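Here's the structure we're looking at; comments come further down.
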Amino acid sequence: MLSFQPISIEDRSIFIKYFSLRQTQNCDYNFSNIFSWRDFYQTEWCLSDGFLLIRFQINGKKNTGYMEPLGNGNLSAILRQLQEDAHQHQQPLRFFTLSEQFVKKLETTDFYRKMYLYSNRNFFDYLYSTHDLATLRGKKLQAKRNHIHQFQHAYPDYRWESLRPSLLDDALQILLQWENTEAPTPQIMSEKAMIITALQHFETLQLRGGILYVEQQPVAFTFGSELRNDTFCCHVEKADVRYEGAFAMINYLFANDLYSRYAFINREEDLGLENLRKAKQSYHPVMMEEKMEAIEINSIDYQIMSLWKSCFDDEDCYIAAYLHNYFNRQHAILLHHEKSLIGMFHPHIFNTVLGRVGYLFALAVQPDQQHRGLGSQIIQQALLQQSESLFLTTLITYSESLVSYYQRFGFADIHQNTCRMKTADGFDFGIDDAENIHFLYRIVSVQKYLQIYAAHHPDCSEQHCVHDEVIESNNGSFIMNNGKVTFSKEVSSSALNMEQIFLLFPLTVNEMVFLE
């Protein structure tokens with residue numbers, strides 16, 4: 001049995017020893033990064049049979065992942081140990097940030113046939129020529145030179161200092177200024193904690209950085225650490241956005257500091273964030289450090305990926321981002337036949353100005369199992385689940401033909417395409433192409449729904465009988481009067497269906513913030 005332990009600053013020499021065997025340009029195999037993020041990822045390590053093994057947690061500790069084993073020895077035996085460790089925690093064996101070299105080694109083992117491997121573009125590292133960043137020569141970097149000249153013209157008294165212990169308080173001042181301009185999401189708070197941890201151990205981690213001043217005021221800082229003899233990894237860049245061009249300036253000045261020592265600068269990944277990707281691409285990297293991920297073929301994660309790809313056009317990295325950060329096994333509707341996944345639906349909960357609202361994501365039925373009523377079965381199960389605690393649920397579709405299909409289950413199409421769905425990491429739950437979607441609403445608790453409507457429309461005084469073919473508790477008579485709703489089991493042949501109730505008393509939302 002493997003005996004993992006939390007990472008401490010005293011473990012640095014052990015990690016450096018094993019990282020030196022790999023000589024990678026991958027930012028993840030860097031002790032400064034691993035140590036500074038250890039609390040967020042609950043990172044642990046151990047040594048076994050000549051290998052350094054690293055384990056961490058993602059998605060609020062719901063998923064366990066491993067980095068590639070580093071060392072020399074019996075790789076198959078080590079992989080079996082990691083598989084046993086994962087299974088002891090009721091987890092499939094998952095690998096992240098794998099190198100091409102490791103994948104080639106994996107191909108020589110019996111484990112290769114047991115794993116599904118895919119590349120994840122969102123986590124590729126951007127590697128730049130230090131010479132390019134330090135000189136900004138050429139037409140392709142003309143815009144960057146303009147930013148530098150504009151900053152120098154606007155702030156001729158700027159000053160650049162190497163970051164050192166006596167200046168760390170100034171860096172923290174910039175960090176607090178940055179924090180005040182950002183929404184206090186878990187990701188922002190974890191990044192702040194990571195930076196503070198790194199700065200507190202600045203010398204021990206052998207970090208190197210710089211800080212930019214304007215009129216004695218600290219306005220931007222950056223720092224990183226060595227990846228290998230010819231490559232430096234830039235971990236952090238923060239600036240006071242009131243000083244236009246500060247980010248470009250610290251990039252340029254720090255590259256000049258590094259120019260004589262390192263041929264390449266790794267500025268890490270873009271996490272799939274569109275604006276960050278554009279910013280990193282605008283500096284024209286000379287190469288990308290590709291990273292692979294792997295999951296056991298007999299796992300539910302792999303089965304979901306396979307079903308997803310058979311029904312949708314999404315790439316592996318998109319499906320993986322959902323599975324690793326949003327998939328909730330407790331809420332997911334998963335339909336199996338002879339141990340194979342043949343249908344799925346993923347209910348989630350978002351917060352809105354009206355309260356907690358459901359969202360039903362990625363309904364899929366295996367193509368050879370379609371037209372057998374399985375989709376109807378899954379939808380009804382999802383609606384019953386969400387009716388237990390919510391008043392309203394939603395879904396989206398790009399297909400005109402599917403609108404009428406969902407209307408059979410009480411969904412209403414109000415042709416709204418302006419609702420924003422916010423997630424902490426920018427994950428797109430399917431509404432980025434807002435012009436081409438139908439945003440559908442479905443009442444799952446009539447009494448709760450009408451009570452919210454009555455509270456917003458206290459002058460409304462009406463009585464209606466409702467018939468719901470899916471959720472029995474919605475059947476009956478509802479009276480709205482003076483901002484309150486009363487219910488009786490009275491039924492009527494002229495009862496309204498769920499779509500009619502919604503269209504008669506519409507409650508819509510413009511923004512949904514992910515909860516679970």
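Just remember, in the structure tokens the first chain shown is A, the second B, etc., residues are 1-based per chain, and ligands are 1-based in the order shown.
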
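Taking only C-alpha atoms, the non-local environment of range 37-52 of chain A within 7 Å (same-chain residues fewer than 4 positions away omitted) comprises Ser3, Phe4, Gln5, Pro6, Ile7, Tyr18, Asn33, Phe56, Gln57, Ile58, Pro69, Leu70, Gly71, Asn72, Gly73, Ser190 and Met194 of chain A.
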
With range 336-356 of chain A as the partner and 12 Å as the cut-off, tabulate the residues of range 385-404 of chain A that qualify, each row holding the nearest pair of atoms and their distance in Å to one decimal, using only C-alpha atoms, sorted by chain and rising number, as JSON lines.
{"residue": "A:Gln385", "atom": "CA", "partner": "A:Pro347", "partner_atom": "CA", "distance": 8.5}
{"residue": "A:Gln386", "atom": "CA", "partner": "A:Pro347", "partner_atom": "CA", "distance": 7.6}
{"residue": "A:Ser387", "atom": "CA", "partner": "A:Pro347", "partner_atom": "CA", "distance": 11.3}
{"residue": "A:Ser389", "atom": "CA", "partner": "A:Arg356", "partner_atom": "CA", "distance": 8.8}
{"residue": "A:Leu390", "atom": "CA", "partner": "A:Arg356", "partner_atom": "CA", "distance": 6.5}
{"residue": "A:Phe391", "atom": "CA", "partner": "A:Arg356", "partner_atom": "CA", "distance": 7.9}
{"residue": "A:Leu392", "atom": "CA", "partner": "A:Arg356", "partner_atom": "CA", "distance": 8.1}
{"residue": "A:Thr393", "atom": "CA", "partner": "A:Ile349", "partner_atom": "CA", "distance": 8.5}
{"residue": "A:Thr394", "atom": "CA", "partner": "A:Pro347", "partner_atom": "CA", "distance": 9.6}
{"residue": "A:Leu395", "atom": "CA", "partner": "A:Pro347", "partner_atom": "CA", "distance": 9.5}

Dump as a short mmCIF file (atom, residue, chain, number, x, y, z; two decimals), in the first residue's frame, selection limited to N, CA, C and O atoms:
data_model
loop_
_atom_site.label_atom_id
_atom_site.label_comp_id
_atom_site.auth_asym_id
_atom_site.auth_seq_id
_atom_site.Cartn_x
_atom_site.Cartn_y
_atom_site.Cartn_z
N GLN A 385 -36.24 14.38 -9.98
CA GLN A 385 -35.13 14.68 -9.07
C GLN A 385 -35.10 16.16 -8.72
O GLN A 385 -34.98 16.53 -7.55
N GLN A 386 -35.22 17.02 -9.72
CA GLN A 386 -35.09 18.45 -9.45
C GLN A 386 -36.33 19.02 -8.76
O GLN A 386 -36.25 20.06 -8.10
N SER A 387 -37.47 18.34 -8.89
CA SER A 387 -38.68 18.83 -8.21
C SER A 387 -38.59 18.69 -6.71
O SER A 387 -39.36 19.33 -5.97
N SER A 389 -36.30 19.78 -4.71
CA SER A 389 -35.76 20.94 -3.99
C SER A 389 -35.87 22.25 -4.77
O SER A 389 -35.58 23.32 -4.21
N LEU A 390 -36.29 22.20 -6.04
CA LEU A 390 -36.30 23.40 -6.87
C LEU A 390 -37.71 23.73 -7.33
O LEU A 390 -38.64 22.93 -7.16
N PHE A 391 -37.88 24.92 -7.89
CA PHE A 391 -39.18 25.32 -8.42
C PHE A 391 -39.17 25.41 -9.95
O PHE A 391 -40.22 25.37 -10.59
N LEU A 392 -37.97 25.51 -10.53
CA LEU A 392 -37.85 25.74 -11.96
C LEU A 392 -36.56 25.10 -12.46
O LEU A 392 -35.54 25.11 -11.77
N THR A 393 -36.61 24.53 -13.66
CA THR A 393 -35.40 24.03 -14.27
C THR A 393 -35.36 24.51 -15.72
O THR A 393 -36.37 24.96 -16.27
N THR A 394 -34.19 24.41 -16.32
CA THR A 394 -33.97 24.93 -17.67
C THR A 394 -33.13 23.96 -18.47
O THR A 394 -32.46 23.07 -17.91
N LEU A 395 -33.16 24.13 -19.77
CA LEU A 395 -32.21 23.45 -20.64
C LEU A 395 -32.10 24.26 -21.92
O LEU A 395 -32.91 25.15 -22.18
#

Inset, instruction - Extract, using only C-alpha atoms, all DNA, RNA and protein residues at most 8 Å from Trp178 in chain A, discarding same-chain residues fewer than 5 positions from it, and format them as a list in words. - result: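 Contacts, in chain order: Lys238, Ala239, Asp240 and Val241 of chain A.
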
Legend entry - Test item, strand (DSSP E) assignment across range 269-408 of chain A, answer as a VMD selection string: chain A and resid 287 to 289 292 to 296 333 to 337 340 to 352 355 to 365 392 to 397

Inset, instruction - With a distance cut-off of 12 Å and only C-alpha atoms, select the neighbouring residues of range 300-302 of chain A, excluding the residue or stretch itself and same-chain residues fewer than 2 positions from it, and output the selection as a PyMOL selection string. - result: chain A and resi 63+90-94+114-118+293-298+304-309+316+319-324+327-329+332+334-336+339-342+344

Legend entry - For Ile196 in chain A: contacts at 12 Å, only C-alpha atoms, fewer than 3 positions along chain excluded, given as a ChimeraX atom specification: /A:35-37,39,168-169,171-176,189-193,199-202,236

Would you list, as a PDB file with all heavy atoms, in the first residue's frame, the residues of range 405-486 of chain A that end up in alpha helix (DSSP H) under DSSP run on this structure's backbone?
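Output (part.pdb):
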ATOM      1  N   TYR A 405     -40.106  18.412 -29.073  1.00  0.00           N
ATOM      2  CA  TYR A 405     -39.898  17.204 -28.274  1.00  0.00           C
ATOM      3  C   TYR A 405     -39.926  17.550 -26.783  1.00  0.00           C
ATOM      4  O   TYR A 405     -40.622  16.894 -25.989  1.00  0.00           O
ATOM      5  CB  TYR A 405     -38.575  16.555 -28.660  1.00  0.00           C
ATOM      6  CG  TYR A 405     -38.169  15.384 -27.795  1.00  0.00           C
ATOM      7  CD1 TYR A 405     -38.797  14.156 -27.919  1.00  0.00           C
ATOM      8  CD2 TYR A 405     -37.153  15.507 -26.849  1.00  0.00           C
ATOM      9  CE1 TYR A 405     -38.433  13.071 -27.127  1.00  0.00           C
ATOM     10  CE2 TYR A 405     -36.775  14.442 -26.053  1.00  0.00           C
ATOM     11  CZ  TYR A 405     -37.416  13.217 -26.198  1.00  0.00           C
ATOM     12  OH  TYR A 405     -37.047  12.154 -25.398  1.00  0.00           O
ATOM     13  N   TYR A 406     -39.186  18.575 -26.391  1.00  0.00           N
ATOM     14  CA  TYR A 406     -39.141  18.950 -24.978  1.00  0.00           C
ATOM     15  C   TYR A 406     -40.465  19.542 -24.505  1.00  0.00           C
ATOM     16  O   TYR A 406     -40.817  19.421 -23.319  1.00  0.00           O
ATOM     17  CB  TYR A 406     -38.001  19.933 -24.729  1.00  0.00           C
ATOM     18  CG  TYR A 406     -36.622  19.297 -24.799  1.00  0.00           C
ATOM     19  CD1 TYR A 406     -35.670  19.740 -25.717  1.00  0.00           C
ATOM     20  CD2 TYR A 406     -36.279  18.261 -23.947  1.00  0.00           C
ATOM     21  CE1 TYR A 406     -34.415  19.153 -25.782  1.00  0.00           C
ATOM     22  CE2 TYR A 406     -35.017  17.674 -23.996  1.00  0.00           C
ATOM     23  CZ  TYR A 406     -34.092  18.120 -24.918  1.00  0.00           C
ATOM     24  OH  TYR A 406     -32.855  17.522 -24.979  1.00  0.00           O
ATOM     25  N   GLN A 407     -41.215  20.165 -25.386  1.00  0.00           N
ATOM     26  CA  GLN A 407     -42.512  20.716 -25.001  1.00  0.00           C
ATOM     27  C   GLN A 407     -43.466  19.614 -24.559  1.00  0.00           C
ATOM     28  O   GLN A 407     -44.365  19.859 -23.762  1.00  0.00           O
ATOM     29  CB  GLN A 407     -43.102  21.523 -26.164  1.00  0.00           C
ATOM     30  CG  GLN A 407     -42.416  22.881 -26.351  1.00  0.00           C
ATOM     31  CD  GLN A 407     -42.887  23.615 -27.593  1.00  0.00           C
ATOM     32  OE1 GLN A 407     -43.262  22.994 -28.590  1.00  0.00           O
ATOM     33  NE2 GLN A 407     -42.865  24.947 -27.538  1.00  0.00           N
ATOM     34  N   VAL A 446     -45.041  23.660  -8.913  1.00  0.00           N
ATOM     35  CA  VAL A 446     -45.980  24.738  -9.235  1.00  0.00           C
ATOM     36  C   VAL A 446     -46.208  25.641  -8.033  1.00  0.00           C
ATOM     37  O   VAL A 446     -46.240  26.870  -8.154  1.00  0.00           O
ATOM     38  CB  VAL A 446     -47.316  24.150  -9.738  1.00  0.00           C
ATOM     39  CG1 VAL A 446     -48.341  25.263  -9.951  1.00  0.00           C
ATOM     40  CG2 VAL A 446     -47.092  23.384 -11.036  1.00  0.00           C
ATOM     41  N   GLN A 447     -46.369  25.053  -6.851  1.00  0.00           N
ATOM     42  CA  GLN A 447     -46.656  25.874  -5.678  1.00  0.00           C
ATOM     43  C   GLN A 447     -45.496  26.820  -5.369  1.00  0.00           C
ATOM     44  O   GLN A 447     -45.705  28.004  -5.108  1.00  0.00           O
ATOM     45  CB  GLN A 447     -46.964  24.999  -4.464  1.00  0.00           C
ATOM     46  CG  GLN A 447     -47.364  25.820  -3.232  1.00  0.00           C
ATOM     47  CD  GLN A 447     -48.232  25.048  -2.271  1.00  0.00           C
ATOM     48  OE1 GLN A 447     -48.385  23.852  -2.377  1.00  0.00           O
ATOM     49  NE2 GLN A 447     -48.823  25.756  -1.317  1.00  0.00           N
ATOM     50  N   LYS A 448     -44.269  26.322  -5.396  1.00  0.00           N
ATOM     51  CA  LYS A 448     -43.118  27.188  -5.132  1.00  0.00           C
ATOM     52  C   LYS A 448     -42.993  28.255  -6.219  1.00  0.00           C
ATOM     53  O   LYS A 448     -42.694  29.420  -5.924  1.00  0.00           O
ATOM     54  CB  LYS A 448     -41.833  26.353  -5.074  1.00  0.00           C
ATOM     55  CG  LYS A 448     -41.742  25.415  -3.884  1.00  0.00           C
ATOM     56  CD  LYS A 448     -40.472  24.567  -3.968  1.00  0.00           C
ATOM     57  CE  LYS A 448     -40.393  23.567  -2.836  1.00  0.00           C
ATOM     58  NZ  LYS A 448     -39.202  22.672  -2.957  1.00  0.00           N
ATOM     59  N   TYR A 449     -43.223  27.833  -7.456  1.00  0.00           N
ATOM     60  CA  TYR A 449     -43.103  28.774  -8.574  1.00  0.00           C
ATOM     61  C   TYR A 449     -44.126  29.890  -8.466  1.00  0.00           C
ATOM     62  O   TYR A 449     -43.792  31.085  -8.580  1.00  0.00           O
ATOM     63  CB  TYR A 449     -43.283  28.015  -9.890  1.00  0.00           C
ATOM     64  CG  TYR A 449     -43.168  28.896 -11.117  1.00  0.00           C
ATOM     65  CD1 TYR A 449     -41.936  29.132 -11.717  1.00  0.00           C
ATOM     66  CD2 TYR A 449     -44.299  29.500 -11.671  1.00  0.00           C
ATOM     67  CE1 TYR A 449     -41.832  29.945 -12.834  1.00  0.00           C
ATOM     68  CE2 TYR A 449     -44.204  30.315 -12.785  1.00  0.00           C
ATOM     69  CZ  TYR A 449     -42.966  30.537 -13.367  1.00  0.00           C
ATOM     70  OH  TYR A 449     -42.867  31.351 -14.472  1.00  0.00           O
ATOM     71  N   LEU A 450     -45.395  29.526  -8.259  1.00  0.00           N
ATOM     72  CA  LEU A 450     -46.444  30.546  -8.181  1.00  0.00           C
ATOM     73  C   LEU A 450     -46.273  31.431  -6.946  1.00  0.00           C
ATOM     74  O   LEU A 450     -46.648  32.611  -6.968  1.00  0.00           O
ATOM     75  CB  LEU A 450     -47.820  29.880  -8.183  1.00  0.00           C
ATOM     76  CG  LEU A 450     -48.230  29.217  -9.505  1.00  0.00           C
ATOM     77  CD1 LEU A 450     -49.622  28.605  -9.375  1.00  0.00           C
ATOM     78  CD2 LEU A 450     -48.195  30.216 -10.663  1.00  0.00           C
ATOM     79  N   GLN A 451     -45.714  30.873  -5.870  1.00  0.00           N
ATOM     80  CA  GLN A 451     -45.480  31.701  -4.689  1.00  0.00           C
ATOM     81  C   GLN A 451     -44.462  32.804  -4.989  1.00  0.00           C
ATOM     82  O   GLN A 451     -44.613  33.947  -4.556  1.00  0.00           O
ATOM     83  CB  GLN A 451     -44.987  30.844  -3.523  1.00  0.00           C
ATOM     84  CG  GLN A 451     -44.827  31.608  -2.212  1.00  0.00           C
ATOM     85  CD  GLN A 451     -46.110  32.276  -1.769  1.00  0.00           C
ATOM     86  OE1 GLN A 451     -47.084  31.597  -1.444  1.00  0.00           O
ATOM     87  NE2 GLN A 451     -46.156  33.602  -1.764  1.00  0.00           N
ATOM     88  N   ILE A 452     -43.422  32.461  -5.750  1.00  0.00           N
ATOM     89  CA  ILE A 452     -42.440  33.478  -6.155  1.00  0.00           C
ATOM     90  C   ILE A 452     -43.097  34.499  -7.082  1.00  0.00           C
ATOM     91  O   ILE A 452     -42.890  35.714  -6.945  1.00  0.00           O
ATOM     92  CB  ILE A 452     -41.225  32.811  -6.826  1.00  0.00           C
ATOM     93  CG1 ILE A 452     -40.469  31.949  -5.813  1.00  0.00           C
ATOM     94  CG2 ILE A 452     -40.291  33.864  -7.424  1.00  0.00           C
ATOM     95  CD1 ILE A 452     -39.367  31.115  -6.417  1.00  0.00           C
ATOM     96  N   TYR A 453     -43.922  34.007  -8.019  1.00  0.00           N
ATOM     97  CA  TYR A 453     -44.611  34.920  -8.929  1.00  0.00           C
ATOM     98  C   TYR A 453     -45.554  35.842  -8.149  1.00  0.00           C
ATOM     99  O   TYR A 453     -45.590  37.060  -8.389  1.00  0.00           O
ATOM    100  CB  TYR A 453     -45.409  34.133  -9.972  1.00  0.00           C
ATOM    101  CG  TYR A 453     -46.053  35.022 -11.014  1.00  0.00           C
ATOM    102  CD1 TYR A 453     -45.367  35.351 -12.170  1.00  0.00           C
ATOM    103  CD2 TYR A 453     -47.339  35.545 -10.825  1.00  0.00           C
ATOM    104  CE1 TYR A 453     -45.934  36.182 -13.129  1.00  0.00           C
ATOM    105  CE2 TYR A 453     -47.913  36.379 -11.772  1.00  0.00           C
ATOM    106  CZ  TYR A 453     -47.205  36.691 -12.917  1.00  0.00           C
ATOM    107  OH  TYR A 453     -47.766  37.532 -13.846  1.00  0.00           O
ATOM    108  N   ALA A 454     -46.301  35.277  -7.194  1.00  0.00           N
ATOM    109  CA  ALA A 454     -47.245  36.079  -6.402  1.00  0.00           C
ATOM    110  C   ALA A 454     -46.522  37.130  -5.571  1.00  0.00           C
ATOM    111  O   ALA A 454     -47.022  38.249  -5.393  1.00  0.00           O
ATOM    112  CB  ALA A 454     -48.061  35.164  -5.502  1.00  0.00           C
ATOM    113  N   ALA A 455     -45.332  36.769  -5.057  1.00  0.00           N
ATOM    114  CA  ALA A 455     -44.564  37.743  -4.261  1.00  0.00           C
ATOM    115  C   ALA A 455     -44.140  38.924  -5.117  1.00  0.00           C
ATOM    116  O   ALA A 455     -44.049  40.059  -4.622  1.00  0.00           O
ATOM    117  CB  ALA A 455     -43.352  37.059  -3.646  1.00  0.00           C
ATOM    118  N   HIS A 456     -43.896  38.682  -6.404  1.00  0.00           N
ATOM    119  CA  HIS A 456     -43.508  39.762  -7.316  1.00  0.00           C
ATOM    120  C   HIS A 456     -44.729  40.479  -7.896  1.00  0.00           C
ATOM    121  O   HIS A 456     -44.598  41.582  -8.431  1.00  0.00           O
ATOM    122  CB  HIS A 456     -42.652  39.201  -8.466  1.00  0.00           C
ATOM    123  CG  HIS A 456     -41.253  38.857  -8.068  1.00  0.00           C
ATOM    124  ND1 HIS A 456     -40.927  37.703  -7.411  1.00  0.00           N
ATOM    125  CD2 HIS A 456     -40.073  39.531  -8.231  1.00  0.00           C
ATOM    126  CE1 HIS A 456     -39.621  37.666  -7.193  1.00  0.00           C
ATOM    127  NE2 HIS A 456     -39.076  38.765  -7.683  1.00  0.00           N
TER     128      HIS A 456
END

Inset, instruction - Please provide the set of residues having any atom within 12 Å of Ser162 in chain A, restricted to only C-alpha atoms, with same-chain residues fewer than 6 positions apart removed, written as a PyMOL selection string. - result: chain A and resi 168+171+207-213+220-223+250+253-254+256-258

Legend entry - Residue among A:Pro165, A:Gly272, A:Gly426, A:Gly410 lying closest to Asn474 in chain A, counting only C-alpha atoms: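 Using only C-alpha atoms, Asn474 in chain A sits closest to A:Gly410.
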